[in-house]
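Colleague: First the structure, which I've put down as structure tokens, then a few questions once you've had a look.
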2 protein chains.
Amino acid sequence: MKLTVLQNIMNANDQIAARNQALLEKNEVLAINIMSSPGAGKTTLLLETIRRLKNKTGIAVIEADIASTIDADKIIKEGTPALQINTGGQCHIDANMISNALAKLPLKEIDLLFIENVGNLICPADFRIGAQKSVMLLSVPEGDDKPYKYPLMFTTTDAIVVSKTDYLPLSDFNLAAFNKLVSGMNSKAKIFHVSAKTGDGMESWTAWLESLLKGS
Amino acid sequence: MKLTVLQNIMNANDQIAARNQALLEKNEVLAINIMSSPGAGKTTLLLETIRRLKNKTGIAVIEADIASTIDADKIIKEGTPALQINTGGQCHIDANMISNALAKLPLKEIDLLFIENVGNLICPADFRIGAQKSVMLLSVPEGDDKPYKYPLMFTTTDAIVVSKTDYLPLSDFNLAAFNKLVSGMNSKAKIFHVSAKTGDGMESWTAWLESLLKGS
């Protein structure tokens with residue numbers, strides 16, 4: 001008797017992620033998975049990004065947290081459609097949560113969909129959700145040694161945003177050394193230095209997003 | 001036929017955690033599990049705490065990260081015994097990692113053992129490791145809304161250290177509102193406001209550690 005081994009090429013999560021991506025592309029939606037530690041400023045960056053792009057682009061946001069609706073409330077207050085996912089203890093978004101959220105969004109009206117992941121530098125890097133691009137934030141107060149400690153996140157994202165640059169005068173974060181380190185780990189990643197509070201660096205960040213939209 | 005259900009009262013991790021705690025107590029070691037987001041200042045707080053207590057107390061440190069030995073190197077440089085655990089992608093320490101580390105430490109010479117968990121506000125809250133006390137840090141730049149988003153961590157720790165208070169002048173973190181919120185969620189938790197950089201608040205933090213040592 002011959003033993004047949006069926007290899008499962010994609011796990012269940014990745015299958016759903018691939019379906020999510022196909023649905024997004026069918027509707028010409030560019031989805032960006034935004035990841036960082038807790039408190040690195042994801043929501044504040046999104047709010048400022050939305051203010052700068054909403055007159056040109058249809059934007060929506062999916063917010064994810066263990067608990068609470070604080071972040072989605074802030075986005076909705078700015079007049080942008082937002083859905084909150086509560087993962088109930090799970091440390092990352094999975095593809096099925098996004099599949100359920102996409103079913104509730106008016107995809108035909110959306111060009112740019114931000115998916116703000118759970119605040120965590122570890123678990124989200126392991127789970128595809130179907131977004132075409134991924135971006136991680138590292139805030140200046142967290143320190144410039146984080147690429148050594150959380151290598152998977154830094155080597156797999158399409159862009160790295162150093163956020164809260166307004167804290168640089170109080171910090172020993174070395175921007176030049178950081179750029180060199182992450183360029184070595186992930187040569188394709190775009191690197192941005194941004195303060196959503198002062199507006200510094202926002203233009204090159206939003207210009208990159210617009211270039212992606214034109215390319216998609 | 002009668003069906004017998006064997007209930008597994010403790011899972012494997014909790015069994016090993018209980019053994020770790022028994023070993024610590026037999027050797028009169030007080031172990032403290034230190035948890036926070038990445039970059040909240042755990043290692044910096046430990047370095048300053050060690051400088052203030054090392055002449056009075058036998059101290060050792062177990063450091064945990066996904067990768068790298070950066071943190072253990074810093075502790076050893078200060079003349080304090082330190083072991084580095086690399087979890088290799090796992091987002092928290094488990095009891096078995098601590099069991100292996102305890103076997104390598106001179107427990108008879110140690111009064112106070114700090115266990116610096118992986119930078120993460122979610123997973124470490126779910127895993128007992130055998131430490132008698134747990135402490136979480138929340139750094140000022142992360143923002144005062146984190147108890148709503150990561151309730152398990154805030155409701156289960158023995159002490160909450162608001163770290164990096166030297167960033168308060170640049171932040172809208174409301175210390176009074178934060179204290180009120182977390183006292184409501186976790187009335188037994190001690191709350192400290194500390195800047196390891198300027199030394200502000202270090203005395204009440206180290207006094208609390210010393211009171212635990214006397215009580216143990």
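All residue names refer to the structure tokens as shown: chains lettered A, B, ... in order, residues numbered from 1 in each chain, ligands numbered from 1 in order.
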Counting only C-alpha atoms, what are the residues of chain A within 8 Å of chain B, and for each of them which pair of atoms is the nearest and at what distance in Å, to one decimal? Sort the table by chain and rising number, as a Markdown table.

Modeller:
| residue | atom | partner | partner_atom | distance |
| --- | --- | --- | --- | --- |
| A:Ser37 | CA | B:Pro38 | CA | 6.3 |
| A:Pro38 | CA | B:Ser37 | CA | 6.3 |
| A:Gly39 | CA | B:Glu142 | CA | 3.9 |
| A:Ala40 | CA | B:Glu142 | CA | 6.3 |
| A:Gly41 | CA | B:Glu142 | CA | 7.9 |
| A:Asp65 | CA | B:Lys149 | CA | 6.2 |
| A:Ile66 | CA | B:Lys149 | CA | 5.9 |
| A:Ala67 | CA | B:Lys149 | CA | 5.0 |
| A:Ser68 | CA | B:Lys149 | CA | 5.8 |
| A:Gly89 | CA | B:Ile122 | CA | 7.2 |
| A:Gln90 | CA | B:Ile122 | CA | 8.0 |
| A:Cys91 | CA | B:Ile122 | CA | 6.2 |
| A:Asn120 | CA | B:Asn120 | CA | 6.2 |
| A:Leu121 | CA | B:Asn120 | CA | 7.5 |
| A:Ile122 | CA | B:Cys91 | CA | 6.2 |
| A:Cys123 | CA | B:Cys91 | CA | 6.9 |
| A:Pro141 | CA | B:Pro141 | CA | 6.7 |
| A:Glu142 | CA | B:Gly39 | CA | 3.9 |
| A:Gly143 | CA | B:Gly39 | CA | 6.0 |
| A:Lys146 | CA | B:Gly39 | CA | 7.7 |
| A:Tyr148 | CA | B:Ser68 | CA | 6.0 |
| A:Lys149 | CA | B:Ala67 | CA | 5.0 |
| A:Tyr150 | CA | B:Ile66 | CA | 6.3 |
| A:Pro151 | CA | B:Ala67 | CA | 7.5 |
| A:Tyr167 | CA | B:Leu170 | CA | 7.4 |
| A:Leu170 | CA | B:Tyr167 | CA | 7.4 |

Colleague: Take the residues from that selection and put them in a file with N, CA, C and O atoms, as an mmCIF file, in the first residue's frame.

Modeller:
data_model
loop_
_atom_site.group_PDB
_atom_site.id
_atom_site.type_symbol
_atom_site.label_atom_id
_atom_site.label_comp_id
_atom_site.auth_asym_id
_atom_site.auth_seq_id
_atom_site.Cartn_x
_atom_site.Cartn_y
_atom_site.Cartn_z
ATOM 1 N N SER A 37 4.450 48.656 18.928
ATOM 2 C CA SER A 37 4.234 48.477 20.357
ATOM 3 C C SER A 37 3.002 49.261 20.787
ATOM 4 O O SER A 37 2.590 50.190 20.094
ATOM 5 N N PRO A 38 2.464 48.948 21.975
ATOM 6 C CA PRO A 38 1.421 49.811 22.525
ATOM 7 C C PRO A 38 1.952 51.240 22.678
ATOM 8 O O PRO A 38 3.090 51.445 23.111
ATOM 9 N N GLY A 39 1.134 52.200 22.317
ATOM 10 C CA GLY A 39 1.493 53.592 22.599
ATOM 11 C C GLY A 39 2.566 54.187 21.711
ATOM 12 O O GLY A 39 3.145 55.213 22.046
ATOM 13 N N ALA A 40 2.827 53.595 20.556
ATOM 14 C CA ALA A 40 3.840 54.163 19.655
ATOM 15 C C ALA A 40 3.249 55.268 18.778
ATOM 16 O O ALA A 40 3.980 55.935 18.055
ATOM 17 N N GLY A 41 1.915 55.429 18.834
ATOM 18 C CA GLY A 41 1.311 56.552 18.130
ATOM 19 C C GLY A 41 0.628 56.185 16.821
ATOM 20 O O GLY A 41 0.478 57.037 15.946
ATOM 21 N N ASP A 65 -8.044 46.064 19.053
ATOM 22 C CA ASP A 65 -7.511 46.098 20.407
ATOM 23 C C ASP A 65 -8.022 44.877 21.145
ATOM 24 O O ASP A 65 -9.007 44.267 20.760
ATOM 25 N N ILE A 66 -7.316 44.537 22.234
ATOM 26 C CA ILE A 66 -7.798 43.499 23.145
ATOM 27 C C ILE A 66 -9.198 43.861 23.633
ATOM 28 O O ILE A 66 -10.095 43.032 23.695
ATOM 29 N N ALA A 67 -9.364 45.127 24.031
ATOM 30 C CA ALA A 67 -10.633 45.608 24.573
ATOM 31 C C ALA A 67 -10.747 47.093 24.257
ATOM 32 O O ALA A 67 -9.772 47.724 23.868
ATOM 33 N N SER A 68 -11.937 47.639 24.412
ATOM 34 C CA SER A 68 -12.261 49.071 24.267
ATOM 35 C C SER A 68 -12.533 49.470 22.824
ATOM 36 O O SER A 68 -12.181 48.755 21.877
ATOM 37 N N GLY A 89 -8.322 39.288 23.989
ATOM 38 C CA GLY A 89 -7.171 38.643 24.605
ATOM 39 C C GLY A 89 -6.145 38.182 23.598
ATOM 40 O O GLY A 89 -4.975 38.026 23.923
ATOM 41 N N GLN A 90 -6.568 37.977 22.362
ATOM 42 C CA GLN A 90 -5.620 37.515 21.330
ATOM 43 C C GLN A 90 -4.692 38.665 20.946
ATOM 44 O O GLN A 90 -5.145 39.793 20.741
ATOM 45 N N CYS A 91 -3.397 38.344 20.818
ATOM 46 C CA CYS A 91 -2.380 39.389 20.709
ATOM 47 C C CYS A 91 -2.143 39.876 19.286
ATOM 48 O O CYS A 91 -1.155 40.542 19.009
ATOM 49 N N ASN A 120 1.686 45.453 19.646
ATOM 50 C CA ASN A 120 2.493 44.267 19.936
ATOM 51 C C ASN A 120 3.563 44.169 18.851
ATOM 52 O O ASN A 120 3.248 44.256 17.668
ATOM 53 N N LEU A 121 4.815 43.988 19.244
ATOM 54 C CA LEU A 121 5.899 43.892 18.245
ATOM 55 C C LEU A 121 6.207 42.452 17.841
ATOM 56 O O LEU A 121 7.156 42.230 17.096
ATOM 57 N N ILE A 122 5.460 41.493 18.365
ATOM 58 C CA ILE A 122 5.835 40.097 18.139
ATOM 59 C C ILE A 122 4.783 39.370 17.311
ATOM 60 O O ILE A 122 4.987 39.072 16.135
ATOM 61 N N CYS A 123 3.625 39.089 17.928
ATOM 62 C CA CYS A 123 2.636 38.210 17.298
ATOM 63 C C CYS A 123 2.140 38.699 15.931
ATOM 64 O O CYS A 123 1.994 37.883 15.011
ATOM 65 N N PRO A 141 10.768 57.326 22.003
ATOM 66 C CA PRO A 141 11.023 56.958 23.405
ATOM 67 C C PRO A 141 11.286 55.466 23.628
ATOM 68 O O PRO A 141 11.852 55.090 24.652
ATOM 69 N N GLU A 142 10.891 54.603 22.697
ATOM 70 C CA GLU A 142 11.156 53.161 22.863
ATOM 71 C C GLU A 142 12.635 52.815 22.747
ATOM 72 O O GLU A 142 13.058 51.769 23.236
ATOM 73 N N GLY A 143 13.390 53.650 22.059
ATOM 74 C CA GLY A 143 14.830 53.403 21.959
ATOM 75 C C GLY A 143 15.223 52.752 20.649
ATOM 76 O O GLY A 143 14.434 52.049 20.018
ATOM 77 N N LYS A 146 15.635 48.391 19.345
ATOM 78 C CA LYS A 146 14.540 47.439 19.135
ATOM 79 C C LYS A 146 14.727 46.498 17.942
ATOM 80 O O LYS A 146 14.273 45.349 18.009
ATOM 81 N N TYR A 148 17.257 44.809 17.129
ATOM 82 C CA TYR A 148 17.984 43.626 17.615
ATOM 83 C C TYR A 148 17.048 42.672 18.365
ATOM 84 O O TYR A 148 17.241 41.460 18.357
ATOM 85 N N LYS A 149 16.065 43.260 19.055
ATOM 86 C CA LYS A 149 15.219 42.449 19.933
ATOM 87 C C LYS A 149 13.996 41.867 19.247
ATOM 88 O O LYS A 149 13.458 40.863 19.701
ATOM 89 N N TYR A 150 13.531 42.539 18.201
ATOM 90 C CA TYR A 150 12.302 42.114 17.511
ATOM 91 C C TYR A 150 12.584 42.014 16.020
ATOM 92 O O TYR A 150 11.965 42.699 15.200
ATOM 93 N N PRO A 151 13.537 41.156 15.634
ATOM 94 C CA PRO A 151 14.020 41.181 14.244
ATOM 95 C C PRO A 151 12.956 40.844 13.209
ATOM 96 O O PRO A 151 12.954 41.424 12.126
ATOM 97 N N TYR A 167 10.053 63.948 20.497
ATOM 98 C CA TYR A 167 10.728 63.563 21.744
ATOM 99 C C TYR A 167 12.253 63.474 21.590
ATOM 100 O O TYR A 167 12.947 63.213 22.565
ATOM 101 N N LEU A 170 14.848 64.954 24.112
ATOM 102 C CA LEU A 170 14.974 64.338 25.447
ATOM 103 C C LEU A 170 15.515 62.913 25.384
ATOM 104 O O LEU A 170 15.630 62.244 26.418
#

Colleague: Smallest atom-to-atom distance to Val161 in chain B: which of B:Thr44, B:Ser211, B:Thr49, B:Ser195, using only C-alpha atoms?

Modeller: B:Ser195

Colleague: List the neighbours of Leu107 in chain B out to 10 Å using only C-alpha atoms; skip same-chain residues closer than 2 positions along the sequence, and give me the result as a VMD selection string.

Modeller: chain B and resid 23 to 24 26 to 29 58 to 60 102 to 105 109 to 113

Colleague: Calculated over only C-alpha atoms, which of the candidates A:Ile76, A:Ile93, A:Val162, A:Val135 has the smallest distance to Ala189 in chain A?

Modeller: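 Of A:Ile76, A:Ile93, A:Val162, A:Val135, the one nearest Ala189 in chain A is A:Val135, counting only C-alpha atoms.
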
Colleague: Residues at most 7 Å from Arg128 in chain A, counting only C-alpha atoms, excluding those fewer than 6 positions away in the same chain, as a list in words?

Modeller: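 After dropping sequence-adjacent residues, the list is Asp14, Ala17 and Ala95 of chain A.
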
Colleague: Would you mind telling me which residue in A:Gln15, A:Asn117, A:Asn33, A:Thr206 lies nearest to Lys56 in chain A when using only C-alpha atoms?

Modeller: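 Closest residue, counting only C-alpha atoms: A:Thr206.
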
Colleague: Using Å and a single decimal, report how far CA of Ile75 in chain A sits from CA of Thr43 in chain A.

Modeller: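 We find that CA of Thr43 in chain A and CA of Ile75 in chain A lie 8.1 Å from each other.
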
Colleague: Report, in Å with one decimal, the straight-line distance from CA of Thr198 in chain A to CA of Leu168 in chain A.

Modeller: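 So the answer is 12.4 Å.
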
Colleague: Please identify the strand (DSSP E) residues within range 32-202 of chain A (assignment by DSSP from backbone atoms) and present them as a PyMOL selection string.

Modeller: chain A and resi 32-35+59-65+82-86+112-116+133-139+159-163+190-193

Colleague: What are the DSSP alpha helix (DSSP H) residues of range 28-207 of chain B, as JSON, numbers by chain?

Modeller: {"B": [42, 43, 44, 45, 46, 47, 48, 49, 50, 51, 52, 53, 70, 71, 72, 73, 74, 75, 76, 77, 95, 96, 97, 98, 99, 100, 101, 102, 146, 147, 148, 149, 151, 152, 153, 154, 155, 156, 175, 176, 177, 178, 179, 180, 181, 182, 183, 184, 185, 202, 203, 204, 205, 206, 207]}

Colleague: Using only C-alpha atoms, can you tell me which of B:Lys188, B:Lys197, B:Lys180, B:Lys133 comes closest to Thr165 in chain B?

Modeller: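 Distance minimum relative to Thr165 in chain B lands on B:Lys197.
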
Colleague: Grab the CA of Ile129 in chain B to CA of Asp94 in chain B distance for me, in Å with one decimal place.

Modeller: 5.8 Å

Colleague: When you look at Ile16 in chain B with a cut-off of 8 Å (counting only C-alpha atoms), what residues show up, excluding the ones that are within fewer than 4 positions of it in the same chain? I need them as a short mmCIF file (atom, residue, chain, number, x, y, z; two decimals) with N, CA, C and O atoms, in the first residue's frame.

Modeller:
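The result, written out as out_29.cif:
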data_model
loop_
_atom_site.label_atom_id
_atom_site.label_comp_id
_atom_site.auth_asym_id
_atom_site.auth_seq_id
_atom_site.Cartn_x
_atom_site.Cartn_y
_atom_site.Cartn_z
N ALA B 12 0.40 22.08 32.65
CA ALA B 12 1.82 21.77 32.80
C ALA B 12 2.61 23.00 33.21
O ALA B 12 3.48 22.95 34.09
N ASN B 20 8.85 26.10 40.70
CA ASN B 20 9.79 27.22 40.73
C ASN B 20 9.61 28.03 42.00
O ASN B 20 10.58 28.40 42.67
N ALA B 95 7.14 28.93 32.37
CA ALA B 95 7.70 28.45 33.64
C ALA B 95 8.92 27.55 33.41
O ALA B 95 9.86 27.54 34.21
N ASN B 96 8.91 26.81 32.30
CA ASN B 96 10.02 25.90 32.05
C ASN B 96 11.33 26.66 31.76
O ASN B 96 12.41 26.23 32.19
N SER B 99 12.58 27.61 35.09
CA SER B 99 13.11 26.43 35.78
C SER B 99 14.56 26.16 35.34
O SER B 99 15.46 25.92 36.16
N ILE B 129 5.01 32.12 36.11
CA ILE B 129 6.37 31.60 35.98
C ILE B 129 6.95 31.19 37.34
O ILE B 129 8.02 30.60 37.40
N GLY B 130 6.23 31.51 38.43
CA GLY B 130 6.69 31.12 39.76
C GLY B 130 7.20 32.29 40.59
O GLY B 130 7.54 32.12 41.76
#

Colleague: I'd like the contact shell of Glu203 in chain A - 12 Å cut-off, only C-alpha atoms, skipping same-chain residues fewer than 4 positions apart - returned as a list in words.

Modeller: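 The residues satisfying every condition are Glu48, Thr49, Arg52, Leu53, Phe192, His193, Val194, Ser195, Ala196, Thr198, Gly199, Ala207, Trp208, Leu209 and Glu210 of chain A.
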
Colleague: Which residue gives the smallest distance to Phe178 in chain B among B:Asn100, B:Asp200, B:Ala18, B:Phe154, with only C-alpha atoms counted?

Modeller: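 Closest to Phe178 in chain B of all the choices is B:Phe154.
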
Colleague: Smallest atom-to-atom distance to Leu83 in chain B: which of B:Ala159, B:Ala101, B:Val182, B:Lys214, using only C-alpha atoms?

Modeller: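 Counting only C-alpha atoms, the residue closest to Leu83 in chain B is B:Ala101.
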